[in-house]
There are 2 protein chains.
Amino acid sequence: MDIIKQFELSKEYLESLQHGIENRDLDFIQESLDGVNEADIAAILDELSLDESIYVLRALDKQIAADILIELDDNTLIRVFRELENPEIASFIELMDSDDAADLLNLLGEREREEVIAYFQDRLKSDQVLDLLRYEEDTAGGIMAKEFIRANKNWNVIQTINEIRRQAENVEKIFSIYVVNNRQQLLGRVSLKKIILAGENTRIEDIYEPEVISVPTYMDQEEVAGIMRKYDLESVPVVNAKNKLVGRITVDDILDVVQEEAEEDIQAMAGISGDIEESDSIFMITKARLPWLLIGVIGGLLGARIIGFFEDGLNKYIALASFIPLVAATGGNVGIQASSLIVQSLASKSVFDDTPLKRFIKGFLVAVLNGVLLAFFVFLVVVFIYGFEPIFGITVGVALFCVVLLASFMGTVTPLILNHFGINPAIASGPFITTTNDLLGLTVYFGIAMLLLNL
Amino acid sequence: MDIIKQFELSKEYLESLQHGIENRDLDFIQESLDGVNEADIAAILDELSLDESIYVLRALDKQIAADILIELDDNTLIRVFRELENPEIASFIELMDSDDAADLLNLLGEREREEVIAYFQDRLKSDQVLDLLRYEEDTAGGIMAKEFIRANKNWNVIQTINEIRRQAENVEKIFSIYVVNNRQQLLGRVSLKKIILAGENTRIEDIYEPEVISVPTYMDQEEVAGIMRKYDLESVPVVNAKNKLVGRITVDDILDVVQEEAEEDIQAMAGISGDIEESDSIFMITKARLPWLLIGVIGGLLGARIIGFFEDGLNKYIALASFIPLVAATGGNVGIQASSLIVQSLASKSVFDDTPLKRFIKGFLVAVLNGVLLAFFVFLVVVFIYGFEPIFGITVGVALFCVVLLASFMGTVTPLILNHFGINPAIASGPFITTTNDLLGLTVYFGIAMLLLNL
């Protein structure tokens, strides 16, 4: 037994495979990939040329090739599809679970998508896929699969097992069997364990659990993830407006959702747009990074104008320049902290959450506490270590305190506003807000200095 | 059928429950909480006083109360435990799955933990829990459970079903049945579906899949999450150094791991230490935020020293002050982008990753491209819109270019170094690195200005 197959893959292995492809050595390729997990083969294909990849896919069993395609990254997949004719694409896609099939079809143009589906041999699959394609990609309907076992409440255990047998080939993983009435409305669930332990003639009606958590087709995938996490569900049934059972979502799909949403948030915070990886091309990475850097640069240029506006005062009191970075950086740091906490609490909202007013007051109190402590510390350093006159220490301290309050307010309000308009609130912790805080901070700093220092 | 029970919970419901507790109305409490999911009851308890919570826990069925305790947040749990005697704590904990039991016991002091385990009535459970407590908390051993179904390869289906029946009460969720030899070494797995579809006398040896992915007890939980995600596993068996099957990890535990690691990264980026939520106390939030703000402030104070050092030059050329925020902010933004991409690629490392040298060259090229474009843009604005002399535009442009290169280098190197020493690389995208970049940027900016402007 191989503990974890992935650890066996090496550059040597890759080279021997390429050698086999070059020599069109079908037997060697099939043998050396036999039993290797599809996810690992997909990782190997990412390292091969397009022609080599397609040669390998065609060399393998059709079902295995379909499973490999599911694991490929989107860019590779699009390039592979471009090389294949529509009937061949269809022959792979119709072997996939309906949710994966729909995801892959979404990578094709609308006309090509329809052509590919038209080539499906499996009528049921094409109906299922067409149904799934109607839903928004990031809702419960968009991530659910049509493959699941449903049992009528009037069946007995033996009828249910026969249904499982009938569906066995289509439904790979069975977590629960969903129980429906004659109108296909969801009534509850019964675990496979219960089916095994019950007598053959036991009626489903007598053993099913009526307390089932289901989600509507239109629910946002992030909310679905939250529910599955909260209730430790391994799968969740999806129902339409009339409570008719239309699909199921399994926890392995949700794991991807959680990971992707987290990566999205981190990229938003870092000021990187789109789903970019370190391995993407220099041009792609620059395209994702430059616009956000430009926002920062434009902010910096506006900042130059603000400071220029106070140039007379600055000329009289040159030390003011020294504390520009302190004020700007603290504003940025406070803003990011405040907005991150709000973003996090938005993601795990509950009915018992504090009212917006209470949250503001609390954020305000935290800011006052942080601001007072930091301002006092800075005053001490500026006056007693750096040796500036007390009024200048007070100026820097008061400015810092005001900037902390202001940045905290901006950091609290911005994600709430973005969220209200359906925009990912995580961008409130990104370069845009930092830049805004910088500019506000500069204005407050110089304004207070003009007042207190009589410039 | 209730679509999702959580939506029913309201402040009115909470008040009626509190009224029931006040009147010691056991029947009312039991009736109104009957069928409500444990996770929801836990959310209700978070809103009640400690005395009220304990009253409710004692009013409910012991098993349900144990399930509620698992869902409580750690702070509430510690307060509840402080009010209960050790025998009562034991009576709850021994009803939990071994992994949850071990997690909760880890919240107690060492002596109390041992006392509580000594009160267990269930010998098997105390052995399991003692075994689990030996492993590091964030390894496979630390998150696995001892509840799983194992079948000897020599058994037939009916023997296996008898084992499932015997274990039915202990093992809530069965995904796979693990197949072992006489020395309890892992050989493979067989799905519950296959058991149902096979004849009663079929031998396990003939139907099990030998290609099972397992993880060793010492594997980091994040790596386990990566493997389960990559291979779409709903559960993974955990083996010791001799390939003996010692536990299993289910995907719902992994979902929590992924979520927690993501939150940790975001908090590290935002400069917030510890697992803090918006709902925590003002003192707790300040404690988590202030140290990071202080780093920024100390950085700002050092920055003041650097600028002070160049005060003579600044006096001669006061406009230099205006572009301090531009240079500092761009350095910070570039650094965060670069480090976030590295952190992300570290999380999904593969054997085919580029060598460190190649990654540096690539990062360098991206920085050169971004730097040239931004510097040229800034030069144009400074000279043609703001009307400064060309040599000053060149100064700001060159300084900006150098800062982009430097910040990019720091953003690439820092997470790699942190990762090498086993520190969470995400803190490289936080306040510490931004502050360092600010200081380096200021030095480079003024250094170049002194040279080019002959100050």
# chains A, B, ... in the order shown; residues from 1 in each chain; ligands from 1
$ residues_around --residues "A:Ile417" --least-positions-apart "6" --cutoff "12 Å" --atoms "only C-alpha atoms" --output "PyMOL selection string"
chain A and resi 339+342-343+346+356+410-411+423-428
$ residues_around --residues "B:Lys287" --least-positions-apart "6" --cutoff "12 Å" --atoms "only C-alpha atoms" --output "ChimeraX atom specification"
/A:366,369-370,373 /B:271-276,280-281,293-294
$ write_last_selection --atoms "N, CA, C and O atoms" --output "mmCIF file, in the first residue's frame"
data_model
loop_
_atom_site.group_PDB
_atom_site.id
_atom_site.type_symbol
_atom_site.label_atom_id
_atom_site.label_comp_id
_atom_site.auth_asym_id
_atom_site.auth_seq_id
_atom_site.Cartn_x
_atom_site.Cartn_y
_atom_site.Cartn_z
ATOM 1 N N VAL A 366 -12.811 51.515 21.725
ATOM 2 C CA VAL A 366 -11.526 50.864 21.474
ATOM 3 C C VAL A 366 -10.553 51.877 20.868
ATOM 4 O O VAL A 366 -9.387 51.960 21.266
ATOM 5 N N LEU A 369 -9.312 54.352 23.495
ATOM 6 C CA LEU A 369 -8.323 53.729 24.373
ATOM 7 C C LEU A 369 -6.967 53.599 23.673
ATOM 8 O O LEU A 369 -5.929 54.024 24.197
ATOM 9 N N ASN A 370 -6.978 53.020 22.451
ATOM 10 C CA ASN A 370 -5.734 52.891 21.690
ATOM 11 C C ASN A 370 -5.110 54.261 21.417
ATOM 12 O O ASN A 370 -3.911 54.452 21.556
ATOM 13 N N LEU A 373 -3.457 55.932 24.534
ATOM 14 C CA LEU A 373 -2.206 55.275 24.912
ATOM 15 C C LEU A 373 -1.090 55.607 23.921
ATOM 16 O O LEU A 373 0.035 55.942 24.311
ATOM 17 N N GLY B 271 -2.571 42.722 11.448
ATOM 18 C CA GLY B 271 -1.887 43.114 12.676
ATOM 19 C C GLY B 271 -2.787 42.996 13.887
ATOM 20 O O GLY B 271 -2.987 43.943 14.644
ATOM 21 N N ILE B 272 -3.384 41.830 14.046
ATOM 22 C CA ILE B 272 -4.215 41.563 15.217
ATOM 23 C C ILE B 272 -3.721 40.233 15.747
ATOM 24 O O ILE B 272 -3.620 39.270 14.996
ATOM 25 N N SER B 273 -3.376 40.166 17.026
ATOM 26 C CA SER B 273 -2.855 38.893 17.521
ATOM 27 C C SER B 273 -3.926 38.132 18.262
ATOM 28 O O SER B 273 -4.840 38.710 18.829
ATOM 29 N N GLY B 274 -3.818 36.799 18.243
ATOM 30 C CA GLY B 274 -4.759 35.963 18.960
ATOM 31 C C GLY B 274 -6.064 35.855 18.218
ATOM 32 O O GLY B 274 -6.294 36.547 17.221
ATOM 33 N N ASP B 275 -6.908 34.997 18.713
ATOM 34 C CA ASP B 275 -8.170 34.717 18.050
ATOM 35 C C ASP B 275 -9.232 35.657 18.610
ATOM 36 O O ASP B 275 -9.959 35.326 19.535
ATOM 37 N N ILE B 276 -9.306 36.845 18.015
ATOM 38 C CA ILE B 276 -10.160 37.903 18.552
ATOM 39 C C ILE B 276 -11.384 38.087 17.660
ATOM 40 O O ILE B 276 -11.300 37.960 16.451
ATOM 41 N N ASP B 280 -15.712 40.418 21.313
ATOM 42 C CA ASP B 280 -14.919 40.331 22.544
ATOM 43 C C ASP B 280 -14.875 41.686 23.259
ATOM 44 O O ASP B 280 -15.248 42.708 22.691
ATOM 45 N N SER B 281 -14.383 41.681 24.497
ATOM 46 C CA SER B 281 -14.408 42.911 25.288
ATOM 47 C C SER B 281 -13.419 43.945 24.759
ATOM 48 O O SER B 281 -12.468 43.601 24.047
ATOM 49 N N LEU B 293 0.086 48.128 16.682
ATOM 50 C CA LEU B 293 0.056 49.573 16.430
ATOM 51 C C LEU B 293 1.332 50.204 16.975
ATOM 52 O O LEU B 293 1.900 51.117 16.376
ATOM 53 N N LEU B 294 1.784 49.681 18.108
ATOM 54 C CA LEU B 294 2.987 50.211 18.736
ATOM 55 C C LEU B 294 4.204 50.000 17.833
ATOM 56 O O LEU B 294 5.071 50.868 17.720
#
$ residues_around --residues "stretch 133-138 of chain B" --least-positions-apart "5" --cutoff "10 Å" --atoms "only C-alpha atoms" --output "PyMOL selection string"
chain B and resi 98-99+101-103+105-106+128+143-144+217-222+257
$ select_by_dssp --residues "stretch 150-334 of chain A" --states "helix (DSSP H, G or I)" --output "PyMOL selection string"
chain A and resi 157-167+192-197+204-207+221-230+251-270+282-309+311-316+318-334
$ closest_residue --among "A:His420, A:Lys11, A:Lys358, A:His19" --to "chain B" --atoms "only C-alpha atoms"
A:Lys11
$ residues_around --residues "B:Leu187" --least-positions-apart "6" --cutoff "10 Å" --atoms "only C-alpha atoms" --output "list in words"
Met1, Asp2 and Ile3 of chain A; Asn152, Lys153, Tyr178, Val179, Val180, Asn181, Glu205, Tyr208, Glu209, Pro210, Glu211, Val212, Asn243, Lys244 and Leu245 of chain B
$ residues_around --residues "B:Phe446" --least-positions-apart "5" --cutoff "10 Å" --atoms "only C-alpha atoms" --output "PyMOL selection string"
chain B and resi 306-307+309-311+313-314+320-321+324+395-396+399+441+451-452+455
$ residues_around --residues "A:Glu31" --least-positions-apart "2" --cutoff "12 Å" --atoms "only C-alpha atoms" --output "list of chain:residue names"
A:Leu17, A:Gly20, A:Asp25, A:Leu26, A:Asp27, A:Phe28, A:Ile29, A:Leu33, A:Asp34, A:Gly35, A:Val36, A:Val56, A:Ala59, A:Leu60, A:Asp61
$ residues_around --residues "A:Glu71" --least-positions-apart "5" --cutoff "12 Å" --atoms "only C-alpha atoms" --output "ChimeraX atom specification"
/A:37-46,64-66,76-77,96,100-101,103-104 /B:229-232
$ write_last_selection --atoms "N, CA and C atoms" --output "mmCIF file, in the first residue's frame"
data_model
loop_
_atom_site.group_PDB
_atom_site.id
_atom_site.type_symbol
_atom_site.label_atom_id
_atom_site.label_comp_id
_atom_site.auth_asym_id
_atom_site.auth_seq_id
_atom_site.Cartn_x
_atom_site.Cartn_y
_atom_site.Cartn_z
ATOM 1 N N ASN A 37 -3.511 8.605 -8.470
ATOM 2 C CA ASN A 37 -4.725 9.399 -8.251
ATOM 3 C C ASN A 37 -4.896 10.459 -9.346
ATOM 4 N N GLU A 38 -6.151 10.684 -9.747
ATOM 5 C CA GLU A 38 -6.443 11.632 -10.832
ATOM 6 C C GLU A 38 -5.897 13.028 -10.532
ATOM 7 N N ALA A 39 -5.974 13.432 -9.264
ATOM 8 C CA ALA A 39 -5.481 14.767 -8.905
ATOM 9 C C ALA A 39 -3.979 14.858 -9.170
ATOM 10 N N ASP A 40 -3.263 13.759 -8.948
ATOM 11 C CA ASP A 40 -1.820 13.755 -9.201
ATOM 12 C C ASP A 40 -1.523 13.748 -10.693
ATOM 13 N N ILE A 41 -2.304 12.983 -11.451
ATOM 14 C CA ILE A 41 -2.095 12.979 -12.904
ATOM 15 C C ILE A 41 -2.343 14.398 -13.446
ATOM 16 N N ALA A 42 -3.368 15.056 -12.909
ATOM 17 C CA ALA A 42 -3.642 16.435 -13.345
ATOM 18 C C ALA A 42 -2.431 17.331 -13.074
ATOM 19 N N ALA A 43 -1.792 17.144 -11.915
ATOM 20 C CA ALA A 43 -0.603 17.944 -11.589
ATOM 21 C C ALA A 43 0.523 17.636 -12.577
ATOM 22 N N ILE A 44 0.619 16.384 -12.999
ATOM 23 C CA ILE A 44 1.633 16.011 -13.996
ATOM 24 C C ILE A 44 1.328 16.694 -15.335
ATOM 25 N N LEU A 45 0.050 16.654 -15.740
ATOM 26 C CA LEU A 45 -0.320 17.262 -17.033
ATOM 27 C C LEU A 45 0.013 18.753 -17.070
ATOM 28 N N ASP A 46 -0.108 19.405 -15.903
ATOM 29 C CA ASP A 46 0.225 20.835 -15.851
ATOM 30 C C ASP A 46 1.673 21.081 -16.255
ATOM 31 N N ILE A 64 -11.377 7.800 -16.379
ATOM 32 C CA ILE A 64 -10.230 8.348 -15.659
ATOM 33 C C ILE A 64 -9.841 9.698 -16.262
ATOM 34 N N ALA A 65 -9.846 9.760 -17.604
ATOM 35 C CA ALA A 65 -9.516 11.027 -18.265
ATOM 36 C C ALA A 65 -10.494 12.124 -17.846
ATOM 37 N N ALA A 66 -11.775 11.766 -17.739
ATOM 38 C CA ALA A 66 -12.779 12.755 -17.312
ATOM 39 C C ALA A 66 -12.477 13.233 -15.896
ATOM 40 N N THR A 76 -5.410 25.671 -18.076
ATOM 41 C CA THR A 76 -4.991 24.481 -18.820
ATOM 42 C C THR A 76 -6.194 23.863 -19.531
ATOM 43 N N LEU A 77 -7.292 23.803 -18.794
ATOM 44 C CA LEU A 77 -8.507 23.184 -19.315
ATOM 45 C C LEU A 77 -8.985 23.891 -20.587
ATOM 46 N N MET A 96 -18.837 12.971 -16.227
ATOM 47 C CA MET A 96 -18.618 13.634 -14.938
ATOM 48 C C MET A 96 -19.912 13.752 -14.147
ATOM 49 N N ASP A 100 -19.735 19.021 -11.646
ATOM 50 C CA ASP A 100 -18.451 19.228 -12.312
ATOM 51 C C ASP A 100 -18.675 19.512 -13.800
ATOM 52 N N ALA A 101 -19.594 18.757 -14.411
ATOM 53 C CA ALA A 101 -19.894 18.961 -15.837
ATOM 54 C C ALA A 101 -20.328 20.408 -16.074
ATOM 55 N N ASP A 103 -19.692 23.041 -14.218
ATOM 56 C CA ASP A 103 -18.560 23.950 -13.995
ATOM 57 C C ASP A 103 -17.676 24.029 -15.233
ATOM 58 N N LEU A 104 -17.374 22.869 -15.821
ATOM 59 C CA LEU A 104 -16.496 22.848 -16.990
ATOM 60 C C LEU A 104 -17.181 23.476 -18.206
ATOM 61 N N ARG B 229 -8.415 18.125 0.546
ATOM 62 C CA ARG B 229 -8.994 19.004 -0.461
ATOM 63 C C ARG B 229 -8.592 18.531 -1.847
ATOM 64 N N LYS B 230 -7.307 18.219 -1.985
ATOM 65 C CA LYS B 230 -6.793 17.808 -3.296
ATOM 66 C C LYS B 230 -7.478 16.533 -3.781
ATOM 67 N N TYR B 231 -7.634 15.567 -2.869
ATOM 68 C CA TYR B 231 -8.180 14.276 -3.286
ATOM 69 C C TYR B 231 -9.679 14.137 -2.998
ATOM 70 N N ASP B 232 -10.334 15.259 -2.642
ATOM 71 C CA ASP B 232 -11.775 15.226 -2.360
ATOM 72 C C ASP B 232 -12.162 14.117 -1.397
#
$ atom_distance --atom1 "atom CA of B:Val382" --atom2 "atom CA of B:Asn454"
19.0 Å
